[in-house]
Structure formats: structure tokens, C-alpha cells
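Take a look at the structure below.
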Amino acid sequence: MNAKGEIERYKARLVAKGYKQKASIDYDEVFAPVARMETIMLLIPHAAQFGWPIYQMDVKSAFLNGVLEEEAPRAWNTRIDNYFKKDGLEQCPYEHALYAKKRGGKILLVALYVDNLIFLGNDEGKIQDFKKKMTKEFEMTDLGLIRYFLGLEVRQDESGIFVSQEAYARGILEKFKMSDCNPVSTPMEPGVKISRYDEGEKVDPSIYRSLVGSLRYLTCTRPKLCLSLGIISRFMEEPSYTYWKAAKRILRYVKGTISQGLHYSKSDKYKLTGYSDSDWCRDVDDRKSTAGYVFFMGNTAFTWVSKKEPIVTLSTCEAEYVEASWCVCHAIWLRNLLSKLEQEQVGPTEIRVDNRSAIELAKNPLIVTLVKWLGRISNSKRYIQRLVCVFECLRETP
């Protein structure tokens, strides 16, 4: 399909029969590494910042280009990986489907997603040379400037790069017969709390799962859907009409924002910045908190997460601290990845947290150690005893 949802060309799909695998032979090697979506979304603002065009190529009959030493789809990935390294492209240790060639201030970046390649750089001659070599080595289709990639509609112009999923969103609305629904301004009613013990009328689980799964992919360009989708995803086993109604409200929100997307443009402050937040005991069933973080490069977000915390926290401070720790771990990975894109972050990365206690907790290594220690205790009496020890230690701490 092209960006308008029209058939552009027909492709054959090769499906690996997993049940035919044999242990110790090919049981653990049936995958082909692909670039993460957040890596793709990071390359887009990178190109917008420096005015680099993004190109796309497609490999015809990808699996037939591999030397099949055994019946494994990884043969194609091994084949192109060896070719890239032979041609001077260095594999990124933090993202194995990302390759870079750097020489004399010139850089070429290539992201591989099975049989699709996107590439960009600051030297047009190097890009054209890469195209010729790939066409000579493999049977390739040159798709020119990237327009439609993994369901993302990409439009490049002088003002920047705009990414949306309008055609995909229209397809979802048509599939679930919501094309003529009344739009709403929020994906979920403010303050609503849904319980898994709802005794309302049950709905078809397969249709409900299909809707949730279809909407999940929309979060690639719509961070506002993450929280509401995460909540309705908790009721996949036995969905009731209450959950179905909440899911349909998301469709009504999509209807009202169908042409929206993310616009990446040049920024005066092109630096990695993160935001972290968490509620406290919001889930009415298990009292766990829902947390999330988002990262910006310049003026526009490129990666975000919203998920339920795996533990029950005892205060807003602890809930915010747990989420901030996850956010920092992701920031470390992003900093390492950016260093390979010639955008090494000088100085610390700012993570913005809206809880003062969590900020002070993160600054005090003694308290951090003690909180981790307390987190392993489930017995309330032992917890109180160790809590007394904490305060005794704090009295002696400047």
C-alpha cells in the first residue's frame, strides 16, 4: 500500500513453520533483527534538524538473497549484515539494525527492517554511491524519498518532516464501523476508574482484542493514546460492555484528530530532554501505579511509554522514584545511541520529575540504598522495624 492506502505492488510473504523446528538445531534462531520504532523515530528529527533527506529502498525476494545453510529466515539478515560490514558500515552496538559509515566529516546512516532500508546522510554523493552498490549486489527497488514506511506516512519539505498515520486511522474506523461517529476531545473520560470485576454484559473477546491491537499501533505517532490504551489492555481475557465502551471512546477521539501527527523541525536547542510522571495506587483492583515517560529531541517528542508499575508503592514519592529510575535507564541507552549518530550529549541529561521528594531521594545515595532494602520486605512488622532503622540513619546524615 502507498500513503493513500492504495495498492502499489504485490508481495509474497514467506512464513516460517515454528512447529517444525528442532531443539539444539534451529529452535532459537528464527528471528531477523529489526530496528526499533523509537530508533526510526529518532532518525526523523535528526534528519529534520540538519536538513538531510531520508531515502527508502526495498529488497525484492529478500530470503532468496541469503545463503541458506539451514532452513532459517536469519540467513537474509546474516547476508546483508556481512555485506554492510564489508562495505565499511559499522554496526551500532546499542541498536543492531542500525549501521553507520563515517569518514572525513561525512556520515551515512542505514536502518534495516527485514527487507526495508531507510538511509540518510550529509553527503549526496555517498548516498548515490550506496544506492548503486546495493542495486548491484541485491535486487532492489529504489523508492526514492521515504513516503510510507511501516504504516507511517512521512512528508518531507523545507519546513521539516511531518509524520502521521491518517490512512491507517481511517482504516480502523472503517473496520469497526465508526467512520460516522461523533468525535470527542479526550481519549478517556477524566477521572474514570475501571475494574476487572465489572459484572456488565460480556462482549466478543476476539473483536475486543482486535480493536485494542489495531489501536496499539497508532501510538507510534499519538502519545496521547498510550495511557488510555494501556488501561483497556488490562481486560483482554473477559471484556465487558464497560471496557468496549471505553475502547469506542478512543475511536471517537481518533475520529476528531484523524489528520494529526508529529512535525519535526529545526530547533535551536537540539538536546535530549526527558519527562517522567506517575500516579499513585490508581488501579482499583491491585492498587498499583501507572507510570510513563517521554523524551524530546528539540521541540517534538520521539519516544514515550505508559505502563503499570510491577510493584505496589507505599507513597507518591516512591511511585515517582521508581518511574524516574526507569526513565534514567532509558536515557542512558538513548545517550549511547546518540553518540553513534555524532550527537554526543555534553553534560548530564535533564529528567524532569514533578515530585520534590522523589528528586531529593534520587540525590541521596544513602536513602536510595535504604529504600531498595526496604522494598524487599513484605512482612509489615519487619518493615516497621527497618523503617525505624532508616530514620535513625537519617538523624545522623547531614
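Every chain in the C-alpha cells takes a letter, A first, then B, and so on in the order presented; its residues are numbered from 1, and the ligands are numbered from 1 following the presented order.
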
Next on the checklist: Please list as a list of chain:residue names every residue within 6 Å of range 303-318 of chain A, counting only C-alpha atoms and excluding residues in the same chain fewer than 4 positions away.
Outcome noted: A:Glu38, A:Cys226, A:Leu227, A:Trp280, A:Lys288, A:Ser289, A:Thr290, A:Ala291, A:Gly292, A:Tyr293, A:Val294, A:Phe295, A:Ser357, A:Ala358

Written file, previous selection with all heavy atoms, as a compact mmCIF listing (two decimals), in the first residue's frame:
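For reference, part-v3.txt as written:
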```txt
# COMPACT_ATOMS: atom_id res chain seq x y z
N GLU A 38 11.40 3.33 17.97
CA GLU A 38 11.93 4.58 18.53
C GLU A 38 13.24 4.98 17.86
O GLU A 38 13.58 6.17 17.81
CB GLU A 38 12.11 4.45 20.03
CG GLU A 38 13.00 3.33 20.49
CD GLU A 38 12.90 3.10 21.99
OE1 GLU A 38 12.78 4.08 22.73
OE2 GLU A 38 12.93 1.94 22.41
N CYS A 226 -1.48 6.49 24.73
CA CYS A 226 -0.76 5.46 25.49
C CYS A 226 -1.46 5.11 26.81
O CYS A 226 -1.63 3.93 27.13
CB CYS A 226 0.66 5.93 25.77
SG CYS A 226 1.76 5.80 24.36
N LEU A 227 -1.84 6.10 27.57
CA LEU A 227 -2.44 5.84 28.88
C LEU A 227 -3.77 5.11 28.75
O LEU A 227 -3.98 4.07 29.39
CB LEU A 227 -2.62 7.15 29.65
CG LEU A 227 -3.35 7.03 30.99
CD1 LEU A 227 -2.58 6.14 31.95
CD2 LEU A 227 -3.59 8.41 31.61
N TRP A 280 -0.50 7.44 41.71
CA TRP A 280 -0.23 6.60 42.89
C TRP A 280 -1.45 5.75 43.21
O TRP A 280 -2.55 6.26 43.45
CB TRP A 280 0.14 7.46 44.10
CG TRP A 280 0.43 6.65 45.34
CD1 TRP A 280 1.23 5.55 45.43
CD2 TRP A 280 -0.08 6.87 46.65
NE1 TRP A 280 1.26 5.08 46.71
CE2 TRP A 280 0.46 5.87 47.50
CE3 TRP A 280 -0.92 7.83 47.22
CZ2 TRP A 280 0.17 5.78 48.85
CZ3 TRP A 280 -1.21 7.75 48.57
CH2 TRP A 280 -0.67 6.73 49.38
N LYS A 288 -1.81 -0.78 42.13
CA LYS A 288 -0.53 -0.44 41.53
C LYS A 288 -0.64 0.89 40.79
O LYS A 288 -1.72 1.29 40.36
CB LYS A 288 -0.08 -1.55 40.58
CG LYS A 288 0.28 -2.85 41.30
CD LYS A 288 0.73 -3.92 40.32
CE LYS A 288 1.10 -5.20 41.05
NZ LYS A 288 1.51 -6.29 40.12
N SER A 289 0.49 1.53 40.63
CA SER A 289 0.52 2.84 39.98
C SER A 289 0.75 2.70 38.48
O SER A 289 1.35 1.72 38.02
CB SER A 289 1.63 3.71 40.59
OG SER A 289 1.50 3.78 42.00
N THR A 290 0.29 3.67 37.74
CA THR A 290 0.55 3.75 36.31
C THR A 290 1.57 4.85 36.06
O THR A 290 1.40 5.98 36.53
CB THR A 290 -0.74 4.04 35.52
OG1 THR A 290 -1.68 2.99 35.76
CG2 THR A 290 -0.44 4.12 34.03
N ALA A 291 2.63 4.52 35.36
CA ALA A 291 3.74 5.45 35.16
C ALA A 291 4.03 5.65 33.68
O ALA A 291 3.60 4.86 32.83
CB ALA A 291 4.98 4.92 35.88
N GLY A 292 4.75 6.69 33.38
CA GLY A 292 5.11 6.95 31.99
C GLY A 292 6.24 7.95 31.87
O GLY A 292 6.54 8.69 32.82
N TYR A 293 6.89 7.94 30.72
CA TYR A 293 7.92 8.95 30.43
C TYR A 293 7.90 9.27 28.95
O TYR A 293 7.37 8.52 28.13
CB TYR A 293 9.31 8.48 30.88
CG TYR A 293 9.80 7.19 30.28
CD1 TYR A 293 10.27 7.14 28.97
CD2 TYR A 293 9.83 6.02 31.02
CE1 TYR A 293 10.75 5.96 28.42
CE2 TYR A 293 10.30 4.84 30.48
CZ TYR A 293 10.76 4.82 29.18
OH TYR A 293 11.22 3.65 28.64
N VAL A 294 8.48 10.42 28.62
CA VAL A 294 8.56 10.86 27.24
C VAL A 294 9.88 11.60 27.05
O VAL A 294 10.36 12.27 27.97
CB VAL A 294 7.36 11.77 26.86
CG1 VAL A 294 7.32 13.00 27.76
CG2 VAL A 294 7.41 12.19 25.40
N PHE A 295 10.49 11.43 25.86
CA PHE A 295 11.75 12.10 25.55
C PHE A 295 11.59 12.99 24.32
O PHE A 295 10.90 12.62 23.36
CB PHE A 295 12.87 11.08 25.31
CG PHE A 295 13.42 10.49 26.58
CD1 PHE A 295 12.91 9.31 27.09
CD2 PHE A 295 14.45 11.12 27.27
CE1 PHE A 295 13.41 8.77 28.27
CE2 PHE A 295 14.95 10.59 28.44
CZ PHE A 295 14.43 9.41 28.94
N SER A 357 9.95 15.24 46.59
CA SER A 357 10.52 14.19 47.45
C SER A 357 11.30 13.17 46.63
O SER A 357 12.36 12.70 47.04
CB SER A 357 9.40 13.50 48.22
OG SER A 357 8.73 14.41 49.06
N ALA A 358 10.76 12.82 45.45
CA ALA A 358 11.46 11.86 44.59
C ALA A 358 12.78 12.43 44.09
O ALA A 358 13.78 11.71 43.97
CB ALA A 358 10.57 11.47 43.40
```

Item to check | Selected residue, from A:Ile7, A:Ala35, A:Val284, A:Ile172, that lies nearest to Val110 in chain A when counting only C-alpha atoms | outcome: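 Checking each candidate against Val110 in chain A, we get A:Ala35 as the closest.
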
Next on the checklist: Env of Thr300 in chain A: 10 Å cut, atoms = only C-alpha atoms, seq-sep filter 6 positions within chain, self excluded. Answer as a PyMOL selection string.
Outcome noted: chain A and resi 45+262-265+267

Next on the checklist: With only C-alpha atoms as the counted atoms, please give the residues lying no more than 12 Å from Leu225 in chain A, apart from itself and same-chain residues fewer than 6 positions off, as a list in words.
Outcome noted: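 The residues satisfying every condition are Thr186, Pro187, Met188, Val212, Leu215, Arg216, Tyr217, Leu218, Thr219, Ile231, Ile232, Ser233, Ala247, Arg249, Ile250, Leu251, Arg252, Tyr253, Val254, Thr257, Trp304, Val305, Ser306 and Lys307 of chain A.
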
Item to check | alpha helix (DSSP H) positions in range 25-274 of chain A, given as an MDAnalysis selection string | outcome: chainID A and resid 37:50 74:86 124:137 166:175 205:216 226:232 241:256

Item to check | Atomic distance CA of Tyr148 in chain A - CA of Gln56 in chain A, expressed in Å with one decimal | outcome: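 We find that CA of Tyr148 in chain A and CA of Gln56 in chain A lie 9.1 Å from each other.
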